[in-house]
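The next block holds one structure in the form of structure tokens; read it before the comments.
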Amino acid sequence: MVRRGILCLAALWLVFMVNAAQADIHWPENTEGQRILKSYVETANRFLIEQGEPGVNSLFEAYASFEVLGITDLPEAETPEKVEITAQLFASSINSLEVRVSDLSRFPRIAASFLQALAPETTTREEALKVPTQRMQKAAKNPENSFEDQVEVLNGTVPYVYYAYYPNQYRDGVNWIQMTIIFPLEGYWDGLGVQSGSEATRGPDTYSDHSEDYEGYASEDDYTHYEIFLTATPEPDSAAAEYDFR
């Protein structure tokens with residue numbers, strides 16, 4: 001009976017902490033993307049609390065296309081502190097999420113919580129902690145040396161995860177380590193498989209809605225070469241305009 005009572009108290013404490021972490025955020029829910037972000041962060045908060053971290057409790061900026069959140073000492077703080085989360089949103093989904101932490105020791109737990117929240121039914125804590133811990137150890141081993149994965153911003157069929165470390169980034173003595181998640185295209189991911197770092201290569205479905213027009217061609221400029229410009233050439237005020245090319 002005593003053991004059962006302790007377990008019940010622990011469960012009640014966990015529920016209380018999760019609710020306390022979320023209660024003060026006034027979530028915007030004007031778009032489906034904002035609603036999905038709210039649900040995703042609430043799930044991540046559950047894992048943060050389980051790992052002994054406070055949940056996301058401050059919302060600094062909120063627009064239909066992006067939101068900036070943080071984990072702060074007091075809920076609804078006005079400025080970010082040691083943990084800052086920036087989400088880029090589509091109208092009906094999340095585009096990307098960047099998690100920045102200035103305390104190396106906390107980074108694996110915080111990053112793992114957001115990774116586990118991607119697929120809470122299939123991702124274990126140990127799996128989620130693996131790569132963030134490796135990246136934290138890399139930064140701790142050479143704290144003066146930065147590193148940065150090359151981020152491919154286009155969405156694929158699985159989540160792509162990238163890491164970076166910026167020592168003394170703003171010349172204030174503070175070192176930042178970050179994780180960037182590029183979310184999968186809507187309806188493609190089955191909840192299995194996450195690609196990290198050099199493994200996070202772009203799939204053929206991520207290039208453009210016009211990829212069928214360019215079969216066999218993988219654009220590196222997101223098809224900006226296909227744009228049509230109406231400006232006269234040469235421009236009237238250019239040196240070339242002095243000559244008649246007709």
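Residue numbering restarts at 1 in every chain; chains get A, B, ... in the order shown in the structure tokens, and ligands count up from 1 in that same order.
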> Quick one: residues within 7 Å of stretch 98-109 of chain A, only C-alpha atoms counted, chain neighbours fewer than 6 positions away excluded, as a ChimeraX atom specification?
Replying inline: /A:51,82-87,129,132-133,136,174-181
Hey, what's within 12 Å of A:Gly193 if we count only C-alpha atoms and toss same-chain stuff fewer than 4 positions away? As an mmCIF file with N, CA, C and O atoms, in the first residue's frame, please?
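Full text of around00.cif as output:
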data_model
loop_
_atom_site.group_PDB
_atom_site.id
_atom_site.type_symbol
_atom_site.label_atom_id
_atom_site.label_comp_id
_atom_site.auth_asym_id
_atom_site.auth_seq_id
_atom_site.Cartn_x
_atom_site.Cartn_y
_atom_site.Cartn_z
ATOM 1 N N LEU A 115 12.923 15.370 -29.568
ATOM 2 C CA LEU A 115 13.021 14.244 -30.493
ATOM 3 C C LEU A 115 12.014 13.162 -30.136
ATOM 4 O O LEU A 115 11.354 12.589 -31.009
ATOM 5 N N GLN A 116 11.887 12.882 -28.862
ATOM 6 C CA GLN A 116 10.940 11.854 -28.433
ATOM 7 C C GLN A 116 9.502 12.274 -28.732
ATOM 8 O O GLN A 116 8.655 11.437 -29.034
ATOM 9 N N LEU A 118 8.486 13.734 -31.296
ATOM 10 C CA LEU A 118 8.158 13.514 -32.710
ATOM 11 C C LEU A 118 7.342 12.246 -32.889
ATOM 12 O O LEU A 118 6.416 12.195 -33.695
ATOM 13 N N ALA A 119 7.730 11.194 -32.165
ATOM 14 C CA ALA A 119 7.041 9.900 -32.269
ATOM 15 C C ALA A 119 7.034 9.254 -30.885
ATOM 16 O O ALA A 119 7.798 8.321 -30.614
ATOM 17 N N THR A 122 6.884 5.369 -30.440
ATOM 18 C CA THR A 122 7.896 4.466 -31.001
ATOM 19 C C THR A 122 9.328 4.839 -30.631
ATOM 20 O O THR A 122 10.246 4.060 -30.887
ATOM 21 N N THR A 123 9.551 6.011 -30.030
ATOM 22 C CA THR A 123 10.905 6.457 -29.704
ATOM 23 C C THR A 123 11.152 6.339 -28.209
ATOM 24 O O THR A 123 10.411 6.908 -27.406
ATOM 25 N N GLU A 127 17.040 6.099 -27.125
ATOM 26 C CA GLU A 127 17.247 6.415 -28.536
ATOM 27 C C GLU A 127 17.320 7.919 -28.750
ATOM 28 O O GLU A 127 18.164 8.417 -29.505
ATOM 29 N N ALA A 128 16.431 8.649 -28.095
ATOM 30 C CA ALA A 128 16.381 10.099 -28.276
ATOM 31 C C ALA A 128 17.613 10.794 -27.697
ATOM 32 O O ALA A 128 18.059 11.815 -28.213
ATOM 33 N N GLY A 156 11.562 16.607 -46.243
ATOM 34 C CA GLY A 156 11.618 15.297 -46.878
ATOM 35 C C GLY A 156 10.526 14.393 -46.360
ATOM 36 O O GLY A 156 9.482 14.860 -45.887
ATOM 37 N N THR A 157 10.751 13.106 -46.407
ATOM 38 C CA THR A 157 9.734 12.146 -45.984
ATOM 39 C C THR A 157 9.961 11.633 -44.566
ATOM 40 O O THR A 157 9.160 10.854 -44.055
ATOM 41 N N VAL A 158 11.067 12.054 -43.933
ATOM 42 C CA VAL A 158 11.336 11.759 -42.521
ATOM 43 C C VAL A 158 11.874 13.032 -41.884
ATOM 44 O O VAL A 158 12.295 13.951 -42.584
ATOM 45 N N PRO A 159 11.886 13.112 -40.553
ATOM 46 C CA PRO A 159 12.509 14.277 -39.918
ATOM 47 C C PRO A 159 14.024 14.266 -40.148
ATOM 48 O O PRO A 159 14.669 13.227 -40.038
ATOM 49 N N TYR A 160 14.580 15.416 -40.484
ATOM 50 C CA TYR A 160 16.020 15.592 -40.590
ATOM 51 C C TYR A 160 16.472 16.413 -39.383
ATOM 52 O O TYR A 160 15.860 17.441 -39.074
ATOM 53 N N VAL A 161 17.558 15.999 -38.733
ATOM 54 C CA VAL A 161 18.010 16.656 -37.511
ATOM 55 C C VAL A 161 19.472 17.081 -37.669
ATOM 56 O O VAL A 161 20.314 16.266 -38.066
ATOM 57 N N PRO A 184 8.985 16.451 -41.564
ATOM 58 C CA PRO A 184 8.660 15.792 -42.841
ATOM 59 C C PRO A 184 7.458 16.425 -43.523
ATOM 60 O O PRO A 184 6.662 17.128 -42.897
ATOM 61 N N TYR A 188 3.617 11.967 -45.146
ATOM 62 C CA TYR A 188 4.615 11.044 -45.666
ATOM 63 C C TYR A 188 5.234 10.153 -44.595
ATOM 64 O O TYR A 188 5.564 8.998 -44.839
ATOM 65 N N TRP A 189 5.426 10.691 -43.380
ATOM 66 C CA TRP A 189 6.185 9.974 -42.362
ATOM 67 C C TRP A 189 5.306 8.984 -41.615
ATOM 68 O O TRP A 189 4.179 9.301 -41.222
ATOM 69 N N GLU A 199 23.887 12.182 -42.366
ATOM 70 C CA GLU A 199 22.937 11.217 -42.917
ATOM 71 C C GLU A 199 21.678 11.895 -43.452
ATOM 72 O O GLU A 199 20.906 11.291 -44.197
ATOM 73 N N ALA A 200 21.466 13.144 -43.057
ATOM 74 C CA ALA A 200 20.220 13.835 -43.403
ATOM 75 C C ALA A 200 20.295 14.389 -44.819
ATOM 76 O O ALA A 200 20.500 15.573 -45.036
#
>> Can you tell me which residues surround stretch 88-93 of chain A at a distance of at most 12 Å, considering only C-alpha atoms, apart from same-chain residues fewer than 6 positions away, and format the answer as a PyMOL selection string?
In response: chain A and resi 29-40+61-69+99+153+155+180-187
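If you look at atom CA of A:Thr79 and atom CA of A:Val41, they are 18.7 Å away from each other.
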